[in-house]
Structures are given as C-alpha cells and as structure tokens.
Amino acid sequence: MTSKGPEEPVALHPDTPTEVITVSIVEDHEGTAELMETLLDGTDGIRVESKHLRANRLMNHLGRLAGDGADLPDVVLMDIEMPGMNGIDAAAYLREHYPSVKVLIVTAFRSRPDLLASIDAGVKGFLTKGGGADELRFAIRHVAAGRTYFGQTPTEIMAEGFKATQITHKDDPAFWQAVEKLTPAERKVLRLLARGMSNPSIAKELRKGLNTVKEQVSTIMAALGCANRTEVALRAAENQFH
C-alpha cells in the first residue's frame, strides 16, 4: 500500500485577512454600539477591542494601554455628535497623541462642514450610519491598511455643498431683525436647523425634550415667516447665518 505524502498547504484567498484588526467603538447610543460590536466582532479578521459611550473614556483607555505597554487599537470607529468632546475634536487629539490609531467616522449626519472638519482633523474614512455591515467591514480593512475610505455618501455631501455655494447671498435686514428677537436658545436651534438636522437630532445635541424643540422650531418658522424647515435653511444660507 502506497503511503501518502504530506498534504499540500491550502493557499489563502488574497482577500482573506492574515492579521486580526483591533477596533474600538466610540458611540454614545449604547444600543448602536452593541449592534456594531455584534456585526463586527470575530468577523473577517476584526476584533472589537473596546467600546465607549464618550470620547474622553476612549482617551483614558488608550492612556492606560500606553502606560502598560499594551497594543493600541488599529482603528477607532468614531461618532461625531456626543456629549462632552465631539468626535472631530477627538480625532484631532488622536492624530496628535496617538498617530498610529486610525479614525473612521461613522455618523448619522450628512453635514458638509462636519465632513470638511473631519478631513482637517486627519480622519482616514467617513461613513454614514445605515450603509450596511459589508461596507463598514471593508472600510475598516481599508483604513487599517493605511489607506483612506470615503464612500459614495461623502461624494454626495460635497456635491450638495457645491450647489449650496451657488445660493445668492442676500442683504436681508428683516431676517436679522427676526433673529435678534429670538432667544439665545432659539438661535442655537436655528443654527442646527440650518445644518439640516431633524428635531430628534437637535433634541439630542442640545439635551432638550423633543416637545421643547418642536415648539422652538415652530417659533422660529413663524418669526422668519417660513412655511417649512427647508425655507428656514434657505434663508439662513442666503444670509450666511451659521
């Protein structure tokens, strides 16, 4: 009986990860953070090393790892709108103090200023939530490899921003007179309205009750003589209110 020789090694598919990518999640909505961990941990060579509800907690965690001589995470998935330090400021801090850690922004907002500020802060990628687990995993691998990943949504944001620059700027004293009559709290809401944020997002950003925000939005629309939120945003853009 002929003995079998040693089996030939199985060649790995070129796309098969050969090293585990460690990821930290910074997301102030606990349910979203847990969902991201479930989608990612142990899949496609990705391991969720930690998750944090606040950016400052990530900084404390990295400080402990660095102090112990432990490995830092390869990639941080960073939300933007969070209590305390926001994701953009956190990304800039990481670039300065932990340059080996790559930041991938994962946000619910489609804001051109946020996108541009993120790029200025040195992030390596930008995704909007809801893009799907496959795109998120692909972006993580891309960023961990030292490349950048800005998918279709950032491209659309930039295109929308280009259109916004075509808005004719007006000298509208009535607009500014109306703004002066708003309370400081209402002016804060107006700034977020001008960015296209929804009532729930505004409530979360300003830590207000949703009904309070709805009342303030109604007050703002009445003060500016606008029938809807789009008109409010347009008048704000025309008058360069930000």
# chains A, B, ... in the order shown; residues from 1 in each chain; ligands from 1
call {"tool": "select_by_dssp", "arguments": {"residues": "region 43-146 of chain A", "states": "strand (DSSP E or B)", "output": "PyMOL selection string"}}
result
chain A and resi 43+46-52+75-78+102-107+125-128
call {"tool": "residues_around", "arguments": {"residues": "Ala121 (chain A)", "least_positions_apart": "5", "cutoff": "10 Å", "atoms": "only C-alpha atoms", "output": "ChimeraX atom specification"}}
result
/A:87-96,103,115-116
call {"tool": "select_by_dssp", "arguments": {"residues": "region 9-213 of chain A", "states": "alpha helix (DSSP H)", "output": "PyMOL selection string"}}
result
chain A and resi 30-40+55-67+87-97+112-120+133-144+152-164+173-181+184-194+199-206+210-213
call {"tool": "write_last_selection", "arguments": {"atoms": "C-alpha atoms", "output": "mmCIF file, in the first residue's frame"}}
result
data_model
loop_
_atom_site.group_PDB
_atom_site.id
_atom_site.type_symbol
_atom_site.label_atom_id
_atom_site.label_comp_id
_atom_site.auth_asym_id
_atom_site.auth_seq_id
_atom_site.Cartn_x
_atom_site.Cartn_y
_atom_site.Cartn_z
ATOM 1 C CA GLU A 30 -25.495 52.116 23.760
ATOM 2 C CA GLY A 31 -27.814 50.069 21.539
ATOM 3 C CA THR A 32 -25.983 51.221 18.391
ATOM 4 C CA ALA A 33 -22.603 50.461 19.961
ATOM 5 C CA GLU A 34 -23.735 46.947 20.880
ATOM 6 C CA LEU A 35 -25.128 46.355 17.384
ATOM 7 C CA MET A 36 -21.845 47.431 15.805
ATOM 8 C CA GLU A 37 -19.945 45.123 18.129
ATOM 9 C CA THR A 38 -22.228 42.217 17.211
ATOM 10 C CA LEU A 39 -21.798 42.877 13.490
ATOM 11 C CA LEU A 40 -18.017 43.150 13.668
ATOM 12 C CA ALA A 55 -14.689 60.152 23.635
ATOM 13 C CA ASN A 56 -12.941 61.050 26.900
ATOM 14 C CA ARG A 57 -13.397 57.453 28.077
ATOM 15 C CA LEU A 58 -11.559 56.261 24.978
ATOM 16 C CA MET A 59 -8.720 58.669 25.769
ATOM 17 C CA ASN A 60 -8.486 57.299 29.321
ATOM 18 C CA HIS A 61 -8.472 53.759 27.952
ATOM 19 C CA LEU A 62 -5.699 54.495 25.452
ATOM 20 C CA GLY A 63 -3.677 56.172 28.177
ATOM 21 C CA ARG A 64 -3.893 53.024 30.307
ATOM 22 C CA LEU A 65 -2.906 50.802 27.379
ATOM 23 C CA ALA A 66 0.042 53.019 26.511
ATOM 24 C CA GLY A 67 1.134 53.145 30.152
ATOM 25 C CA GLY A 87 -15.786 63.076 17.503
ATOM 26 C CA ILE A 88 -13.974 65.633 15.351
ATOM 27 C CA ASP A 89 -12.063 67.110 18.288
ATOM 28 C CA ALA A 90 -11.326 63.589 19.474
ATOM 29 C CA ALA A 91 -9.922 62.669 16.051
ATOM 30 C CA ALA A 92 -7.626 65.697 16.122
ATOM 31 C CA TYR A 93 -6.445 64.710 19.613
ATOM 32 C CA LEU A 94 -5.711 61.163 18.480
ATOM 33 C CA ARG A 95 -3.765 62.412 15.474
ATOM 34 C CA GLU A 96 -1.506 64.395 17.803
ATOM 35 C CA HIS A 97 -1.127 61.957 20.707
ATOM 36 C CA ARG A 112 -20.601 69.188 4.663
ATOM 37 C CA PRO A 113 -18.991 71.241 7.485
ATOM 38 C CA ASP A 114 -18.651 68.046 9.551
ATOM 39 C CA LEU A 115 -17.097 66.219 6.595
ATOM 40 C CA LEU A 116 -14.591 69.005 5.922
ATOM 41 C CA ALA A 117 -13.769 69.377 9.621
ATOM 42 C CA SER A 118 -13.245 65.611 9.864
ATOM 43 C CA ILE A 119 -10.793 65.687 6.981
ATOM 44 C CA ASP A 120 -8.960 68.601 8.620
ATOM 45 C CA ALA A 133 -22.160 45.856 7.597
ATOM 46 C CA ASP A 134 -20.247 44.838 4.457
ATOM 47 C CA GLU A 135 -19.248 48.421 3.657
ATOM 48 C CA LEU A 136 -18.284 49.029 7.287
ATOM 49 C CA ARG A 137 -16.014 45.971 7.343
ATOM 50 C CA PHE A 138 -14.482 46.910 4.001
ATOM 51 C CA ALA A 139 -13.821 50.463 5.229
ATOM 52 C CA ILE A 140 -12.199 49.158 8.421
ATOM 53 C CA ARG A 141 -9.831 46.897 6.488
ATOM 54 C CA HIS A 142 -9.046 49.699 4.033
ATOM 55 C CA VAL A 143 -8.271 52.209 6.793
ATOM 56 C CA ALA A 144 -6.273 49.705 8.846
ATOM 57 C CA GLN A 152 -20.468 57.491 -2.075
ATOM 58 C CA THR A 153 -22.144 59.479 0.692
ATOM 59 C CA PRO A 154 -19.233 61.928 1.260
ATOM 60 C CA THR A 155 -19.114 62.458 -2.500
ATOM 61 C CA GLU A 156 -22.800 63.339 -2.467
ATOM 62 C CA ILE A 157 -22.252 65.659 0.501
ATOM 63 C CA MET A 158 -19.541 67.537 -1.360
ATOM 64 C CA ALA A 159 -21.756 67.816 -4.432
ATOM 65 C CA GLU A 160 -24.569 69.198 -2.302
ATOM 66 C CA GLY A 161 -22.102 71.637 -0.758
ATOM 67 C CA PHE A 162 -21.083 72.835 -4.205
ATOM 68 C CA LYS A 163 -24.720 73.531 -5.005
ATOM 69 C CA ALA A 164 -25.057 75.410 -1.719
ATOM 70 C CA PRO A 173 -32.420 93.181 7.275
ATOM 71 C CA ALA A 174 -35.767 91.557 8.069
ATOM 72 C CA PHE A 175 -34.034 88.219 8.593
ATOM 73 C CA TRP A 176 -31.544 89.659 11.058
ATOM 74 C CA GLN A 177 -34.233 91.651 12.860
ATOM 75 C CA ALA A 178 -36.193 88.429 13.329
ATOM 76 C CA VAL A 179 -33.090 86.594 14.538
ATOM 77 C CA GLU A 180 -32.367 89.346 17.076
ATOM 78 C CA LYS A 181 -35.835 88.792 18.577
ATOM 79 C CA PRO A 184 -30.322 82.542 22.681
ATOM 80 C CA ALA A 185 -31.769 79.032 22.982
ATOM 81 C CA GLU A 186 -33.855 79.515 19.836
ATOM 82 C CA ARG A 187 -30.829 80.807 17.926
ATOM 83 C CA LYS A 188 -28.967 77.608 18.828
ATOM 84 C CA VAL A 189 -31.855 75.602 17.397
ATOM 85 C CA LEU A 190 -31.806 77.776 14.274
ATOM 86 C CA ARG A 191 -28.108 77.022 13.713
ATOM 87 C CA LEU A 192 -28.822 73.299 13.808
ATOM 88 C CA LEU A 193 -31.866 73.712 11.585
ATOM 89 C CA ALA A 194 -29.630 75.469 9.087
ATOM 90 C CA ASN A 199 -35.931 67.548 15.584
ATOM 91 C CA PRO A 200 -34.776 64.355 17.387
ATOM 92 C CA SER A 201 -31.162 65.078 16.423
ATOM 93 C CA ILE A 202 -31.462 68.667 17.665
ATOM 94 C CA ALA A 203 -33.004 67.443 20.920
ATOM 95 C CA LYS A 204 -30.117 65.027 21.392
ATOM 96 C CA GLU A 205 -27.464 67.608 20.504
ATOM 97 C CA LEU A 206 -28.851 70.259 22.860
ATOM 98 C CA LEU A 210 -38.393 66.681 21.858
ATOM 99 C CA ASN A 211 -41.578 68.680 22.538
ATOM 100 C CA THR A 212 -39.488 71.691 23.568
ATOM 101 C CA VAL A 213 -37.552 71.515 20.308
#
call {"tool": "atom_distance", "arguments": {"atom1": "CA of Lys51 (chain A)", "atom2": "CA of Met78 (chain A)"}}
result
10.2 Å
call {"tool": "atom_distance", "arguments": {"atom1": "CA of Gly132 (chain A)", "atom2": "CA of Asp71 (chain A)"}}
result
28.5 Å
call {"tool": "decode", "arguments": {"residues": "region 98-109 of chain A", "atoms": "all heavy atoms", "output": "mmCIF file, in the first residue's frame"}}
result
data_model
loop_
_atom_site.group_PDB
_atom_site.id
_atom_site.type_symbol
_atom_site.label_atom_id
_atom_site.label_comp_id
_atom_site.auth_asym_id
_atom_site.auth_seq_id
_atom_site.Cartn_x
_atom_site.Cartn_y
_atom_site.Cartn_z
ATOM 1 N N TYR A 98 -1.816 59.928 19.510
ATOM 2 C CA TYR A 98 -1.747 58.500 19.173
ATOM 3 C C TYR A 98 -1.838 58.344 17.653
ATOM 4 O O TYR A 98 -2.823 57.836 17.110
ATOM 5 C CB TYR A 98 -2.889 57.731 19.851
ATOM 6 C CG TYR A 98 -2.905 57.856 21.356
ATOM 7 C CD1 TYR A 98 -3.806 58.711 21.993
ATOM 8 C CD2 TYR A 98 -2.024 57.127 22.156
ATOM 9 C CE1 TYR A 98 -3.826 58.837 23.373
ATOM 10 C CE2 TYR A 98 -2.033 57.243 23.533
ATOM 11 C CZ TYR A 98 -2.939 58.103 24.135
ATOM 12 O OH TYR A 98 -2.955 58.215 25.512
ATOM 13 N N PRO A 99 -0.812 58.776 16.935
ATOM 14 C CA PRO A 99 -0.886 58.819 15.469
ATOM 15 C C PRO A 99 -1.023 57.452 14.802
ATOM 16 O O PRO A 99 -1.437 57.376 13.647
ATOM 17 C CB PRO A 99 0.431 59.496 15.072
ATOM 18 C CG PRO A 99 1.343 59.311 16.243
ATOM 19 C CD PRO A 99 0.460 59.312 17.446
ATOM 20 N N SER A 100 -0.702 56.385 15.527
ATOM 21 C CA SER A 100 -0.836 55.050 14.924
ATOM 22 C C SER A 100 -2.284 54.583 14.852
ATOM 23 O O SER A 100 -2.617 53.655 14.109
ATOM 24 C CB SER A 100 -0.016 54.024 15.717
ATOM 25 O OG SER A 100 -0.578 53.808 16.996
ATOM 26 N N VAL A 101 -3.153 55.235 15.613
ATOM 27 C CA VAL A 101 -4.565 54.853 15.655
ATOM 28 C C VAL A 101 -5.312 55.558 14.523
ATOM 29 O O VAL A 101 -5.330 56.786 14.458
ATOM 30 C CB VAL A 101 -5.195 55.207 17.018
ATOM 31 C CG1 VAL A 101 -6.672 54.841 17.038
ATOM 32 C CG2 VAL A 101 -4.459 54.497 18.145
ATOM 33 N N LYS A 102 -5.926 54.798 13.647
ATOM 34 C CA LYS A 102 -6.667 55.362 12.514
ATOM 35 C C LYS A 102 -8.101 55.626 12.936
ATOM 36 O O LYS A 102 -8.724 54.809 13.633
ATOM 37 C CB LYS A 102 -6.652 54.409 11.325
ATOM 38 C CG LYS A 102 -5.304 53.782 10.984
ATOM 39 C CD LYS A 102 -4.306 54.809 10.538
ATOM 40 C CE LYS A 102 -3.075 54.164 9.899
ATOM 41 N NZ LYS A 102 -2.416 53.146 10.750
ATOM 42 N N VAL A 103 -8.661 56.754 12.506
ATOM 43 C CA VAL A 103 -10.034 57.111 12.862
ATOM 44 C C VAL A 103 -10.937 56.998 11.635
ATOM 45 O O VAL A 103 -10.647 57.570 10.583
ATOM 46 C CB VAL A 103 -10.116 58.536 13.442
ATOM 47 C CG1 VAL A 103 -11.582 58.907 13.734
ATOM 48 C CG2 VAL A 103 -9.285 58.635 14.720
ATOM 49 N N LEU A 104 -12.027 56.258 11.797
ATOM 50 C CA LEU A 104 -13.067 56.141 10.785
ATOM 51 C C LEU A 104 -14.346 56.726 11.370
ATOM 52 O O LEU A 104 -14.894 56.194 12.337
ATOM 53 C CB LEU A 104 -13.269 54.674 10.397
ATOM 54 C CG LEU A 104 -14.420 54.333 9.456
ATOM 55 C CD1 LEU A 104 -14.285 55.033 8.117
ATOM 56 C CD2 LEU A 104 -14.520 52.819 9.259
ATOM 57 N N ILE A 105 -14.787 57.855 10.830
ATOM 58 C CA ILE A 105 -16.016 58.491 11.313
ATOM 59 C C ILE A 105 -17.220 57.674 10.849
ATOM 60 O O ILE A 105 -17.324 57.309 9.679
ATOM 61 C CB ILE A 105 -16.134 59.936 10.775
ATOM 62 C CG1 ILE A 105 -15.071 60.838 11.403
ATOM 63 C CG2 ILE A 105 -17.540 60.496 11.019
ATOM 64 C CD1 ILE A 105 -15.273 61.152 12.871
ATOM 65 N N VAL A 106 -18.136 57.391 11.790
ATOM 66 C CA VAL A 106 -19.397 56.722 11.465
ATOM 67 C C VAL A 106 -20.500 57.560 12.092
ATOM 68 O O VAL A 106 -20.665 57.580 13.313
ATOM 69 C CB VAL A 106 -19.439 55.278 12.005
ATOM 70 C CG1 VAL A 106 -20.725 54.590 11.552
ATOM 71 C CG2 VAL A 106 -18.230 54.485 11.531
ATOM 72 N N THR A 107 -21.248 58.294 11.275
ATOM 73 C CA THR A 107 -22.178 59.288 11.786
ATOM 74 C C THR A 107 -23.539 59.178 11.109
ATOM 75 O O THR A 107 -23.647 58.630 10.008
ATOM 76 C CB THR A 107 -21.612 60.711 11.577
ATOM 77 O OG1 THR A 107 -22.551 61.686 12.050
ATOM 78 C CG2 THR A 107 -21.329 60.971 10.102
ATOM 79 N N ALA A 108 -24.553 59.719 11.771
ATOM 80 C CA ALA A 108 -25.893 59.728 11.190
ATOM 81 C C ALA A 108 -26.131 60.963 10.334
ATOM 82 O O ALA A 108 -27.129 61.041 9.617
ATOM 83 C CB ALA A 108 -26.943 59.674 12.313
ATOM 84 N N PHE A 109 -25.220 61.942 10.382
ATOM 85 C CA PHE A 109 -25.466 63.226 9.741
ATOM 86 C C PHE A 109 -24.785 63.339 8.387
ATOM 87 O O PHE A 109 -23.731 62.759 8.146
ATOM 88 C CB PHE A 109 -25.010 64.373 10.649
ATOM 89 C CG PHE A 109 -25.664 64.335 12.005
ATOM 90 C CD1 PHE A 109 -24.900 64.193 13.152
ATOM 91 C CD2 PHE A 109 -27.045 64.412 12.120
ATOM 92 C CE1 PHE A 109 -25.511 64.132 14.399
ATOM 93 C CE2 PHE A 109 -27.650 64.359 13.365
ATOM 94 C CZ PHE A 109 -26.886 64.225 14.495
#
